[in-house]
>>> print(open('query39.cif').read())   # mmCIF, C-alpha atoms
data_model
#
loop_
_atom_site.label_atom_id
_atom_site.label_comp_id
_atom_site.auth_asym_id
_atom_site.auth_seq_id
_atom_site.Cartn_x
_atom_site.Cartn_y
_atom_site.Cartn_z
CA MET A 983 -16.09 -57.10 -11.21
CA PRO A 984 -13.51 -54.98 -13.10
CA PRO A 985 -9.95 -56.28 -13.15
CA GLU A 986 -7.74 -54.74 -10.44
CA GLN A 987 -5.33 -52.07 -11.82
CA PRO A 988 -1.59 -52.65 -11.37
CA PRO A 989 -0.04 -50.42 -8.61
CA ALA A 990 1.95 -48.26 -11.09
CA THR A 991 -1.24 -47.33 -12.93
CA ARG A 992 -3.00 -46.50 -9.66
CA ARG A 993 -0.09 -44.29 -8.60
CA ALA A 994 -0.06 -42.47 -11.93
CA GLU A 995 -3.79 -41.87 -11.69
CA ALA A 996 -3.47 -40.56 -8.13
CA GLU A 997 -0.78 -38.12 -9.24
CA ARG A 998 -2.90 -37.00 -12.16
CA ASN A 999 -5.84 -36.41 -9.83
CA ARG A 1000 -3.76 -34.35 -7.45
CA ALA A 1001 -2.34 -32.24 -10.28
CA THR A 1002 -5.81 -31.71 -11.74
CA ILE A 1003 -7.24 -30.67 -8.36
CA LEU A 1004 -4.45 -28.10 -7.89
CA ALA A 1005 -4.82 -26.78 -11.43
CA VAL A 1006 -8.58 -26.23 -11.21
CA ALA A 1007 -8.30 -24.77 -7.70
CA ARG A 1008 -5.62 -22.34 -8.91
CA ALA A 1009 -7.80 -21.33 -11.85
CA ALA A 1010 -10.87 -20.90 -9.62
CA PHE A 1011 -9.04 -18.68 -7.16
CA ALA A 1012 -7.82 -16.52 -10.04
CA GLU A 1013 -11.44 -15.75 -11.05
CA PRO A 1014 -12.51 -12.79 -8.92
CA GLU A 1015 -16.07 -13.96 -8.23
CA ALA A 1016 -15.72 -17.72 -8.61
CA ASP A 1017 -17.17 -20.24 -6.18
CA VAL A 1018 -14.15 -21.97 -4.66
CA SER A 1019 -15.92 -24.35 -2.31
CA MET A 1020 -14.40 -27.80 -1.93
CA ALA A 1021 -17.49 -29.23 -3.69
CA GLU A 1022 -16.97 -26.93 -6.69
CA ILE A 1023 -13.27 -27.80 -6.87
CA ALA A 1024 -14.12 -31.55 -6.85
CA ARG A 1025 -16.74 -30.93 -9.56
CA ARG A 1026 -14.33 -29.01 -11.80
CA ALA A 1027 -11.60 -31.61 -11.29
CA GLY A 1028 -14.01 -34.43 -12.11
CA VAL A 1029 -13.21 -36.31 -8.89
CA GLY A 1030 -15.34 -37.36 -5.95
CA MET A 1031 -15.19 -35.65 -2.58
CA ALA A 1032 -13.47 -38.73 -1.13
CA THR A 1033 -10.60 -38.35 -3.62
CA LEU A 1034 -10.36 -34.62 -2.92
CA TYR A 1035 -10.15 -35.12 0.84
CA ARG A 1036 -7.70 -38.02 0.46
CA ASN A 1037 -5.36 -35.55 -1.26
CA PHE A 1038 -6.09 -32.55 0.97
CA PRO A 1039 -7.53 -33.44 4.38
CA GLY A 1040 -8.85 -29.88 4.75
CA ARG A 1041 -9.23 -26.61 2.93
CA ARG A 1042 -6.22 -25.19 4.73
CA GLU A 1043 -3.94 -27.94 3.36
CA LEU A 1044 -5.16 -27.18 -0.16
CA LEU A 1045 -4.60 -23.43 0.28
CA GLU A 1046 -1.12 -23.95 1.74
CA THR A 1047 -0.15 -26.18 -1.18
CA LEU A 1048 -1.39 -23.65 -3.73
CA PHE A 1049 0.48 -20.87 -1.95
CA ALA A 1050 3.68 -22.89 -1.56
CA ASP A 1051 3.61 -23.92 -5.24
CA GLU A 1052 3.50 -20.28 -6.29
CA VAL A 1053 6.36 -19.43 -3.95
CA ASP A 1054 8.34 -22.32 -5.47
CA ALA A 1055 7.66 -20.99 -8.97
CA LEU A 1056 8.79 -17.51 -7.94
CA CYS A 1057 12.02 -18.84 -6.41
CA ASP A 1058 12.82 -21.22 -9.28
CA GLY A 1059 12.11 -18.43 -11.73
CA ALA A 1060 14.64 -16.17 -10.00
CA GLU A 1061 17.34 -18.80 -10.42
CA ARG A 1062 16.58 -19.30 -14.09
CA LEU A 1063 16.81 -15.52 -14.70
CA ALA A 1064 20.29 -15.29 -13.22
CA ASP A 1065 22.05 -15.49 -16.60
CA GLN A 1066 20.09 -12.60 -18.16
CA ALA A 1067 21.17 -8.96 -18.15
CA PRO A 1068 20.88 -7.78 -14.51
CA GLY A 1069 18.34 -4.98 -14.95
CA ALA A 1070 16.10 -7.02 -17.25
CA ALA A 1071 16.29 -10.06 -14.99
CA LEU A 1072 15.23 -8.08 -11.94
CA HIS A 1073 12.39 -6.34 -13.77
CA THR A 1074 11.06 -9.61 -15.17
CA TRP A 1075 11.15 -11.12 -11.71
CA LEU A 1076 9.48 -8.10 -10.09
CA ASP A 1077 6.67 -8.38 -12.66
CA ARG A 1078 6.12 -11.93 -11.39
CA VAL A 1079 6.23 -10.78 -7.78
CA PHE A 1080 3.60 -8.16 -8.62
CA ALA A 1081 1.39 -10.80 -10.28
CA PHE A 1082 1.99 -13.11 -7.31
CA PHE A 1083 0.91 -10.47 -4.79
CA GLY A 1084 -2.17 -9.64 -6.84
CA GLY A 1085 -3.17 -13.21 -7.68
CA LYS A 1086 -2.43 -14.75 -4.31
CA ARG A 1087 -4.26 -12.11 -2.33
CA ARG A 1088 -7.42 -14.18 -2.15
CA ILE A 1089 -5.61 -17.37 -1.20
CA GLY A 1090 -3.41 -15.50 1.28
CA ALA A 1091 -6.39 -13.72 2.84
CA GLU A 1092 -8.25 -16.97 3.29
CA LEU A 1093 -5.17 -18.71 4.66
CA LEU A 1094 -5.03 -15.96 7.29
CA GLU A 1095 -8.56 -16.90 8.34
CA HIS A 1096 -7.38 -20.47 8.88
CA SER A 1097 -4.27 -19.41 10.82
CA ASP A 1098 -2.83 -15.95 11.53
CA ALA A 1099 -0.19 -13.54 10.30
CA GLY A 1100 2.27 -14.91 12.87
CA ASN A 1101 2.02 -18.35 11.24
CA PRO A 1102 5.64 -19.28 10.47
CA PHE A 1103 4.37 -20.52 7.10
CA PHE A 1104 4.20 -16.90 5.88
CA GLY A 1105 7.54 -15.89 7.37
CA ARG A 1106 9.25 -18.85 5.72
CA ALA A 1107 7.65 -18.02 2.36
CA ARG A 1108 8.83 -14.40 2.62
CA ASP A 1109 12.35 -15.49 3.58
CA ARG A 1110 12.53 -17.87 0.63
CA VAL A 1111 11.38 -15.19 -1.82
CA LEU A 1112 13.90 -12.72 -0.37
CA ASP A 1113 16.73 -15.25 -0.64
CA ALA A 1114 15.81 -16.07 -4.23
CA GLY A 1115 15.54 -12.46 -5.38
CA ARG A 1116 18.53 -11.01 -3.57
CA PRO A 1117 21.16 -12.05 -6.18
CA LEU A 1118 19.06 -10.40 -8.89
CA LEU A 1119 18.87 -7.12 -6.97
CA THR A 1120 22.55 -7.17 -6.08
CA GLY A 1121 23.44 -7.75 -9.73
CA ALA A 1122 21.19 -4.95 -10.96
CA GLN A 1123 22.49 -2.52 -8.33
CA ARG A 1124 26.12 -3.37 -9.11
CA ALA A 1125 25.38 -2.77 -12.79
CA GLY A 1126 24.02 0.67 -11.82
CA GLU A 1127 20.61 -0.13 -13.28
CA ILE A 1128 18.68 0.03 -10.02
CA ARG A 1129 18.93 2.67 -7.29
CA ALA A 1130 21.19 1.56 -4.48
CA ASP A 1131 19.34 3.00 -1.49
CA LEU A 1132 16.64 0.32 -1.32
CA THR A 1133 16.84 -3.21 0.06
CA LEU A 1134 14.84 -6.07 -1.41
CA GLU A 1135 12.60 -5.94 1.67
CA GLN A 1136 11.74 -2.34 0.87
CA ILE A 1137 11.15 -3.11 -2.81
CA LEU A 1138 8.86 -6.04 -2.00
CA ASP A 1139 6.93 -3.96 0.54
CA MET A 1140 6.55 -1.23 -2.08
CA ILE A 1141 5.29 -3.66 -4.73
CA GLY A 1142 3.01 -5.34 -2.21
CA ALA A 1143 1.54 -1.95 -1.26
CA VAL A 1144 0.87 -1.07 -4.91
CA SER A 1145 -0.68 -4.48 -5.61
CA ALA A 1146 -3.09 -3.91 -2.70
CA ILE A 1147 -4.50 -0.72 -4.26
CA ARG A 1148 -8.09 -1.39 -5.19
CA GLY A 1149 -9.07 -0.93 -8.82
CA GLU A 1150 -9.11 -2.45 -12.26
CA PRO A 1151 -5.76 -3.46 -13.80
CA GLY A 1152 -5.98 -0.36 -16.02
CA TYR A 1153 -6.02 1.77 -12.87
CA VAL A 1154 -3.26 -0.03 -10.95
CA GLN A 1155 -0.84 -0.82 -13.80
CA PRO A 1156 0.27 2.80 -14.41
CA ILE A 1157 0.97 3.10 -10.68
CA TYR A 1158 3.10 -0.03 -10.85
CA ARG A 1159 4.97 1.35 -13.89
CA THR A 1160 5.59 4.59 -11.98
CA VAL A 1161 7.17 2.66 -9.15
CA LEU A 1162 9.37 0.70 -11.58
CA THR A 1163 10.51 3.95 -13.18
CA GLY A 1164 11.48 5.18 -9.75
CA LEU A 1165 13.62 2.11 -9.18
CA ARG A 1166 15.88 2.95 -12.09
CA ALA A 1167 19.05 4.68 -11.05
CA SER A 1168 19.33 6.44 -14.39
CA PRO A 1169 17.24 7.02 -17.52
CA PRO A 1170 16.82 3.88 -19.66
CA ALA A 1171 19.18 3.33 -22.53
CA GLU A 1172 18.88 -0.42 -23.14
CA PRO A 1173 16.05 -1.77 -25.28
CA HIS A 1174 14.91 -4.17 -22.54
CA ILE A 1175 14.24 -1.28 -20.20
CA LYS A 1176 12.54 0.66 -22.94
CA ARG A 1177 10.27 -2.34 -23.53
CA LEU A 1178 9.48 -2.59 -19.84
CA PHE A 1179 8.45 1.02 -19.73
CA ASP A 1180 6.31 0.94 -22.84
CA GLY A 1181 3.19 2.90 -22.28
CA MET A 1182 5.02 5.63 -20.41
CA PRO A 1183 4.47 9.08 -21.82
CA PRO A 1184 7.42 10.56 -23.67
CA ALA A 1185 9.62 12.69 -21.43
CA MET B 628 -17.62 35.57 45.14
CA PRO B 629 -15.42 36.51 42.13
CA PRO B 630 -16.70 39.32 39.94
CA GLU B 631 -18.56 38.12 36.84
CA GLN B 632 -16.45 38.34 33.64
CA PRO B 633 -17.78 40.44 30.77
CA PRO B 634 -19.17 38.32 27.86
CA ALA B 635 -16.32 39.22 25.45
CA THR B 636 -13.73 37.91 27.93
CA ARG B 637 -15.72 34.70 28.42
CA ARG B 638 -15.94 34.19 24.66
CA ALA B 639 -12.21 34.75 24.23
CA GLU B 640 -11.45 32.28 27.00
CA ALA B 641 -13.79 29.69 25.46
CA GLU B 642 -12.04 30.05 22.09
CA ARG B 643 -8.64 29.74 23.75
CA ASN B 644 -9.78 26.56 25.53
CA ARG B 645 -11.05 25.02 22.32
CA ALA B 646 -7.82 25.85 20.47
CA THR B 647 -5.73 24.45 23.33
CA ILE B 648 -7.75 21.22 23.42
CA LEU B 649 -7.30 20.73 19.68
CA ALA B 650 -3.58 21.50 19.85
CA VAL B 651 -2.83 19.05 22.66
CA ALA B 652 -5.06 16.37 21.11
CA ARG B 653 -3.24 16.78 17.77
CA ALA B 654 0.12 16.49 19.53
CA ALA B 655 -1.00 13.44 21.52
CA PHE B 656 -2.22 11.61 18.41
CA ALA B 657 1.12 12.31 16.72
CA GLU B 658 2.99 10.43 19.50
CA PRO B 659 2.94 6.78 18.50
CA GLU B 660 2.37 5.34 21.98
CA ALA B 661 0.67 8.24 23.72
CA ASP B 662 -2.43 7.90 25.90
CA VAL B 663 -5.11 9.82 24.04
CA SER B 664 -8.02 9.25 26.39
CA MET B 665 -10.40 12.16 26.89
CA ALA B 666 -9.14 12.44 30.49
CA GLU B 667 -5.53 12.75 29.31
CA ILE B 668 -6.48 15.37 26.73
CA ALA B 669 -8.29 17.41 29.40
CA ARG B 670 -5.26 17.06 31.70
CA ARG B 671 -2.80 18.23 29.02
CA ALA B 672 -5.05 21.12 28.03
CA GLY B 673 -5.42 22.19 31.66
CA VAL B 674 -9.22 22.16 31.48
CA GLY B 675 -11.88 20.20 33.36
CA MET B 676 -13.82 17.35 31.80
CA ALA B 677 -16.94 19.54 31.75
CA THR B 678 -15.16 22.10 29.56
CA LEU B 679 -13.83 19.36 27.28
CA TYR B 680 -17.28 17.83 26.76
CA ARG B 681 -18.89 21.25 26.31
CA ASN B 682 -16.57 21.73 23.33
CA PHE B 683 -16.74 18.17 22.00
CA PRO B 684 -19.81 16.20 23.14
CA GLY B 685 -18.03 12.94 22.29
CA ARG B 686 -14.75 11.51 21.16
CA ARG B 687 -16.03 11.21 17.61
CA GLU B 688 -16.70 14.96 17.38
CA LEU B 689 -13.15 15.66 18.57
CA LEU B 690 -11.67 13.21 16.04
CA GLU B 691 -13.75 14.61 13.19
CA THR B 692 -12.66 18.15 14.03
CA LEU B 693 -8.98 17.16 14.12
CA PHE B 694 -9.34 15.34 10.81
CA ALA B 695 -11.26 18.17 9.14
CA ASP B 696 -8.72 20.76 10.35
CA GLU B 697 -5.91 18.80 8.68
CA VAL B 698 -7.91 18.49 5.48
CA ASP B 699 -8.46 22.27 5.58
CA ALA B 700 -4.74 22.87 6.01
CA LEU B 701 -3.96 20.57 3.08
CA CYS B 702 -6.46 22.35 0.83
CA ASP B 703 -5.45 25.88 1.88
CA GLY B 704 -1.82 24.90 1.40
CA ALA B 705 -2.51 23.81 -2.19
CA GLU B 706 -3.99 27.21 -3.00
CA ARG B 707 -1.05 29.05 -1.52
CA LEU B 708 1.39 26.96 -3.59
CA ALA B 709 -0.31 27.85 -6.86
CA ASP B 710 2.13 30.66 -7.69
CA GLN B 711 5.26 28.50 -7.32
CA ALA B 712 6.96 26.60 -10.14
CA PRO B 713 4.58 23.76 -11.09
CA GLY B 714 6.83 20.78 -10.37
CA ALA B 715 8.08 22.20 -7.07
CA ALA B 716 4.58 23.15 -5.98
CA LEU B 717 3.22 19.67 -6.62
CA HIS B 718 6.15 17.99 -4.86
CA THR B 719 5.82 20.22 -1.81
CA TRP B 720 2.12 19.48 -1.65
CA LEU B 721 2.62 15.73 -2.08
CA ASP B 722 5.09 15.80 0.82
CA ARG B 723 2.28 17.24 2.94
CA VAL B 724 -0.16 14.62 1.66
CA PHE B 725 2.35 11.93 2.63
CA ALA B 726 2.72 13.43 6.12
CA PHE B 727 -1.06 13.75 6.36
CA PHE B 728 -1.61 10.08 5.47
CA GLY B 729 1.06 9.00 7.93
CA GLY B 730 0.07 11.30 10.77
CA LYS B 731 -3.68 10.95 10.41
CA ARG B 732 -3.63 7.17 10.25
CA ARG B 733 -4.35 6.81 13.94
CA ILE B 734 -7.11 9.41 13.95
CA GLY B 735 -8.57 7.99 10.73
CA ALA B 736 -8.43 4.42 12.03
CA GLU B 737 -10.20 5.40 15.22
CA LEU B 738 -12.78 7.44 13.35
CA LEU B 739 -13.55 4.29 11.38
CA GLU B 740 -14.34 2.52 14.64
CA HIS B 741 -16.84 5.25 15.45
CA SER B 742 -18.43 5.15 12.00
CA ASP B 743 -17.47 3.20 8.85
CA ALA B 744 -15.61 3.63 5.56
CA GLY B 745 -18.90 4.47 3.82
CA ASN B 746 -19.29 7.52 6.11
CA PRO B 747 -19.74 10.44 3.70
CA PHE B 748 -17.37 12.39 5.96
CA PHE B 749 -14.43 10.50 4.39
CA GLY B 750 -15.71 10.78 0.83
CA ARG B 751 -16.15 14.54 1.22
CA ALA B 752 -12.65 14.91 2.67
CA ARG B 753 -11.19 12.96 -0.26
CA ASP B 754 -13.14 15.03 -2.78
CA ARG B 755 -11.95 18.28 -1.22
CA VAL B 756 -8.31 17.15 -1.27
CA LEU B 757 -8.65 16.06 -4.90
CA ASP B 758 -10.22 19.37 -5.90
CA ALA B 759 -7.49 21.32 -4.13
CA GLY B 760 -4.60 19.34 -5.62
CA ARG B 761 -5.85 19.00 -9.17
CA PRO B 762 -4.65 22.43 -10.41
CA LEU B 763 -1.17 21.64 -9.07
CA LEU B 764 -1.05 18.32 -10.94
CA THR B 765 -2.44 19.81 -14.15
CA GLY B 766 0.16 22.58 -14.00
CA ALA B 767 3.04 20.16 -13.41
CA GLN B 768 1.87 17.81 -16.17
CA ARG B 769 1.49 20.70 -18.64
CA ALA B 770 5.00 21.83 -17.76
CA GLY B 771 6.21 18.29 -18.57
CA GLU B 772 7.57 17.83 -15.07
CA ILE B 773 5.25 15.01 -14.06
CA ARG B 774 4.28 11.95 -16.09
CA ALA B 775 0.99 12.38 -17.85
CA ASP B 776 -0.44 8.87 -17.51
CA LEU B 777 -1.53 9.19 -13.87
CA THR B 778 -4.56 10.95 -12.43
CA LEU B 779 -4.49 12.62 -9.02
CA GLU B 780 -6.62 9.74 -7.70
CA GLN B 781 -3.92 7.28 -8.73
CA ILE B 782 -1.15 9.43 -7.25
CA LEU B 783 -2.97 9.78 -3.93
CA ASP B 784 -3.69 6.05 -3.80
CA MET B 785 -0.01 5.39 -4.50
CA ILE B 786 1.16 7.74 -1.77
CA GLY B 787 -1.45 6.36 0.62
CA ALA B 788 -0.24 2.83 -0.06
CA VAL B 789 3.39 3.80 0.62
CA SER B 790 2.46 5.66 3.80
CA ALA B 791 0.73 2.49 5.06
CA ILE B 792 3.92 0.42 4.81
CA ARG B 793 4.95 -0.51 8.32
CA GLY B 794 8.38 0.57 9.47
CA GLU B 795 10.47 3.37 10.85
CA PRO B 796 10.67 6.61 8.83
CA GLY B 797 14.20 5.57 7.74
CA TYR B 798 12.68 2.47 6.17
CA VAL B 799 9.67 4.10 4.49
CA GLN B 800 11.24 7.39 3.34
CA PRO B 801 13.46 5.85 0.60
CA ILE B 802 10.37 4.06 -0.73
CA TYR B 803 8.53 7.36 -0.85
CA ARG B 804 11.48 9.00 -2.64
CA THR B 805 11.48 6.15 -5.17
CA VAL B 806 7.83 6.79 -5.93
CA LEU B 807 8.47 10.52 -6.36
CA THR B 808 11.31 9.76 -8.76
CA GLY B 809 8.93 7.63 -10.75
CA LEU B 810 6.50 10.52 -11.03
CA ARG B 811 9.00 12.66 -12.88
CA ALA B 812 8.50 12.58 -16.61
CA SER B 813 12.18 13.32 -17.23
CA PRO B 814 15.44 13.48 -15.28
CA PRO B 815 15.68 16.50 -12.97
CA ALA B 816 17.40 19.58 -14.21
CA GLU B 817 16.00 22.28 -11.92
CA PRO B 818 17.58 22.87 -8.51
CA HIS B 819 14.25 22.48 -6.70
CA ILE B 820 13.90 18.94 -8.02
CA LYS B 821 17.49 18.19 -7.15
CA ARG B 822 16.80 19.34 -3.60
CA LEU B 823 13.71 17.18 -3.37
CA PHE B 824 15.68 14.15 -4.39
CA ASP B 825 18.58 14.74 -2.07
CA GLY B 826 19.67 11.50 -0.54
CA MET B 827 19.19 9.60 -3.78
CA PRO B 828 22.26 7.73 -4.90
CA PRO B 829 24.08 9.24 -7.86
CA ALA B 830 22.91 7.75 -11.16
#
>>> encode(input="query39.cif", output="structure tokens")
Amino acid sequence: MPPEQPPATRRAEAERNRATILAVARAAFAEPEADVSMAEIARRAGVGMATLYRNFPGRRELLETLFADEVDALCDGAERLADQAPGAALHTWLDRVFAFFGGKRRIGAELLEHSDAGNPFFGRARDRVLDAGRPLLTGAQRAGEIRADLTLEQILDMIGAVSAIRGEPGYVQPIYRTVLTGLRASPPAEPHIKRLFDGMPPA
Amino acid sequence: MPPEQPPATRRAEAERNRATILAVARAAFAEPEADVSMAEIARRAGVGMATLYRNFPGRRELLETLFADEVDALCDGAERLADQAPGAALHTWLDRVFAFFGGKRRIGAELLEHSDAGNPFFGRARDRVLDAGRPLLTGAQRAGEIRADLTLEQILDMIGAVSAIRGEPGYVQPIYRTVLTGLRASPPAEPHIKRLFDGMPPA
């Protein structure tokens, strides 16, 4: 009989397991064609099904955690960008929003199967993202770097619509760049904006 | 017993009926909440159900005709714009495409219920619109008025995505204007572009 582990060790191992499960699930969902069954997630994480279900009683709980973690990252990221130049900060954040919409589509779509669009879970996530991004937009609009006739709701809807266009990244990215160009209130002068619009044809 | 009408009069009346049916059906579909049952269309057109079904054996035939008529108008319109200044011509045409996507959504959505997205009817319509618009885009890109890194397919997908954003026109229009701004390769100098971007905040 193996010696019993001390409680602190057991807790640390449980936390490691949970983190590993989330990491492999996130990676699996990011692969367009990957098998993301609970069995495959347990296999990739190197844990038994009992451990998986002890952490996430059902698939929905796992999906909600993955989704909420990404929303957290998006919101925390907005705060950390607040001390950068306003236009650059907003653009960096919008790039993450675009990646979030694209990458989370599969998780979000499956979550909808387990609940529905009226699920307050989605409304709360949207509200949190809006609250986090609003200071960045206000700053960029005050600095005259972003057109003033759009709200953050409109900008997020626009980016969400572009991210839903079907096609390879090479097809969708120029459309996304076009939309970002349109957000500028005036032609770019700062190097950070020039960098962001790399790949645009010369005027 | 009323005297029998001569054949030419009967033909003219039949054509008038068909045109009236299409006109009232088009108007009904453009009203967001309107009843667009076959009975209501017959009532508005002032014809009996027998006349309606003689012209359109089923609802699907009526929807396809409405859709095809709009595609025709879009294609004919592109040809007629060919002698205008390239940037202005493309922008005018894209405005019509945007209105088409918005206005035809209900007809298109219902057509999908009667067939499916793989219906060659839709593919042919898309091909015709692409063929009609391509000379306008090529002209505007050669003139340096539109960015050169987008194809017409990408531009139509972008405009389609924006037109699908839910909201009042006052919510969606600024998003559409943003996208048009992004399409410009350089800041506007010509009055026609200035007019198109009226309502934009000063840079």
>>> closest_atom_pairs(input="query39.cif", of="chain A", to="chain B", cutoff="10 Å", atoms="only C-alpha atoms", output="JSON lines")
{"residue": "A:Gly1126", "atom": "CA", "partner": "B:Ala830", "partner_atom": "CA", "distance": 7.2}
{"residue": "A:Glu1127", "atom": "CA", "partner": "B:Ala830", "partner_atom": "CA", "distance": 8.5}
{"residue": "A:Ile1128", "atom": "CA", "partner": "B:Ala830", "partner_atom": "CA", "distance": 8.9}
{"residue": "A:Arg1129", "atom": "CA", "partner": "B:Pro828", "partner_atom": "CA", "distance": 6.5}
{"residue": "A:Ala1130", "atom": "CA", "partner": "B:Pro828", "partner_atom": "CA", "distance": 6.3}
{"residue": "A:Asp1131", "atom": "CA", "partner": "B:Pro828", "partner_atom": "CA", "distance": 6.5}
{"residue": "A:Leu1132", "atom": "CA", "partner": "B:Pro801", "partner_atom": "CA", "distance": 6.7}
{"residue": "A:Thr1133", "atom": "CA", "partner": "B:Tyr798", "partner_atom": "CA", "distance": 9.3}
{"residue": "A:Glu1135", "atom": "CA", "partner": "B:Tyr798", "partner_atom": "CA", "distance": 9.5}
{"residue": "A:Gln1136", "atom": "CA", "partner": "B:Ile802", "partner_atom": "CA", "distance": 6.7}
{"residue": "A:Ile1137", "atom": "CA", "partner": "B:Ile802", "partner_atom": "CA", "distance": 7.5}
{"residue": "A:Asp1139", "atom": "CA", "partner": "B:Ile792", "partner_atom": "CA", "distance": 6.8}
{"residue": "A:Met1140", "atom": "CA", "partner": "B:Val789", "partner_atom": "CA", "distance": 6.5}
{"residue": "A:Ile1141", "atom": "CA", "partner": "B:Val789", "partner_atom": "CA", "distance": 9.4}
{"residue": "A:Gly1142", "atom": "CA", "partner": "B:Ala788", "partner_atom": "CA", "distance": 9.1}
{"residue": "A:Ala1143", "atom": "CA", "partner": "B:Ala788", "partner_atom": "CA", "distance": 5.2}
{"residue": "A:Val1144", "atom": "CA", "partner": "B:Ala788", "partner_atom": "CA", "distance": 6.3}
{"residue": "A:Ser1145", "atom": "CA", "partner": "B:Ala788", "partner_atom": "CA", "distance": 9.2}
{"residue": "A:Ala1146", "atom": "CA", "partner": "B:Ala788", "partner_atom": "CA", "distance": 7.8}
{"residue": "A:Ile1147", "atom": "CA", "partner": "B:Asp784", "partner_atom": "CA", "distance": 6.8}
{"residue": "A:Arg1148", "atom": "CA", "partner": "B:Asp784", "partner_atom": "CA", "distance": 8.8}
{"residue": "A:Gly1149", "atom": "CA", "partner": "B:Gln781", "partner_atom": "CA", "distance": 9.7}
{"residue": "A:Tyr1153", "atom": "CA", "partner": "B:Gln781", "partner_atom": "CA", "distance": 7.2}
{"residue": "A:Val1154", "atom": "CA", "partner": "B:Gln781", "partner_atom": "CA", "distance": 7.7}
{"residue": "A:Pro1156", "atom": "CA", "partner": "B:Leu777", "partner_atom": "CA", "distance": 6.7}
{"residue": "A:Ile1157", "atom": "CA", "partner": "B:Met785", "partner_atom": "CA", "distance": 6.7}
{"residue": "A:Tyr1158", "atom": "CA", "partner": "B:Met785", "partner_atom": "CA", "distance": 8.9}
{"residue": "A:Arg1159", "atom": "CA", "partner": "B:Gly809", "partner_atom": "CA", "distance": 8.1}
{"residue": "A:Thr1160", "atom": "CA", "partner": "B:Gly809", "partner_atom": "CA", "distance": 4.7}
{"residue": "A:Val1161", "atom": "CA", "partner": "B:Val806", "partner_atom": "CA", "distance": 5.3}
{"residue": "A:Leu1162", "atom": "CA", "partner": "B:Gly809", "partner_atom": "CA", "distance": 7.0}
{"residue": "A:Thr1163", "atom": "CA", "partner": "B:Gly809", "partner_atom": "CA", "distance": 4.7}
{"residue": "A:Gly1164", "atom": "CA", "partner": "B:Gly809", "partner_atom": "CA", "distance": 3.7}
{"residue": "A:Leu1165", "atom": "CA", "partner": "B:Thr805", "partner_atom": "CA", "distance": 6.1}
{"residue": "A:Arg1166", "atom": "CA", "partner": "B:Gly809", "partner_atom": "CA", "distance": 8.5}
{"residue": "A:Ala1167", "atom": "CA", "partner": "B:Ala830", "partner_atom": "CA", "distance": 4.9}
{"residue": "A:Ser1168", "atom": "CA", "partner": "B:Ala830", "partner_atom": "CA", "distance": 5.0}
{"residue": "A:Pro1169", "atom": "CA", "partner": "B:Pro814", "partner_atom": "CA", "distance": 7.1}
{"residue": "A:Gly1181", "atom": "CA", "partner": "B:Asp776", "partner_atom": "CA", "distance": 8.5}
{"residue": "A:Met1182", "atom": "CA", "partner": "B:Asp776", "partner_atom": "CA", "distance": 7.0}
{"residue": "A:Pro1183", "atom": "CA", "partner": "B:Ala775", "partner_atom": "CA", "distance": 6.2}
{"residue": "A:Pro1184", "atom": "CA", "partner": "B:Ala812", "partner_atom": "CA", "distance": 7.4}
{"residue": "A:Ala1185", "atom": "CA", "partner": "B:Ala812", "partner_atom": "CA", "distance": 4.9}
>>> atom_distance(input="query39.cif", atom1="atom CA of Asp699 of chain B", atom2="atom CA of Ala759 of chain B")
9.8 Å
>>> atom_distance(input="query39.cif", atom1="atom CA of Ile1003 of chain A", atom2="atom CA of Glu1092 of chain A")
18.0 Å
>>> resolve_selection(input="query39.cif", expression="the PyMOL selection byres ((chain A and resi 1071) around 12)", output="number ranges by chain")
A: 1059-1070, 1072-1078, 1115-1123, 1125, 1127-1128, 1174-1175, 1178
>>> residues_around(input="query39.cif", residues="Phe694 of chain B", least_positions_apart="4", cutoff="12 Å", atoms="all atoms listed in the file", output="JSON, numbers by chain")
{"B": [649, 652, 653, 656, 687, 688, 689, 690, 698, 699, 700, 701, 727, 728, 730, 731, 732, 733, 734, 735, 736, 737, 738, 739, 748, 749, 751, 752, 753]}
>>> resolve_selection(input="query39.cif", expression="the PyMOL selection byres ((chain A and resi 1025-1031) around 9)", output="MDAnalysis selection string")
chainID A and resid 999 1002:1007 1020:1024 1032:1036
>>> atom_distance(input="query39.cif", atom1="atom CA of Arg645 of chain B", atom2="atom CA of Thr692 of chain B")
10.9 Å
>>> axis_aligned_box(input="query39.cif", around="segment 1054-1059 of chain A", padding_each_side="6 Å", output="lines of an AutoDock Vina configuration file")
center_x = 10.2
center_y = -19.9
center_z = -8.6
size_x = 17.2
size_y = 16.8
size_z = 18.3
>>> decode(input="query39.cif", residues="segment 692-696 of chain B", atoms="N, CA and C atoms", output="CSV table (one decimal), in the first residue's frame")
chain,number,residue,atom,x,y,z
B,692,THR,N,-38.9,34.6,-58.3
B,692,THR,CA,-39.0,35.7,-59.3
B,692,THR,C,-38.7,37.1,-58.6
B,693,LEU,N,-39.1,37.3,-57.4
B,693,LEU,CA,-38.8,38.6,-56.7
B,693,LEU,C,-37.3,38.7,-56.6
B,694,PHE,N,-36.6,37.6,-56.1
B,694,PHE,CA,-35.2,37.6,-55.9
B,694,PHE,C,-34.5,37.8,-57.2
B,695,ALA,N,-34.9,37.1,-58.3
B,695,ALA,CA,-34.2,37.2,-59.6
B,695,ALA,C,-34.4,38.6,-60.1
B,696,ASP,N,-35.5,39.2,-59.9
B,696,ASP,CA,-35.8,40.6,-60.4
B,696,ASP,C,-34.8,41.6,-59.8
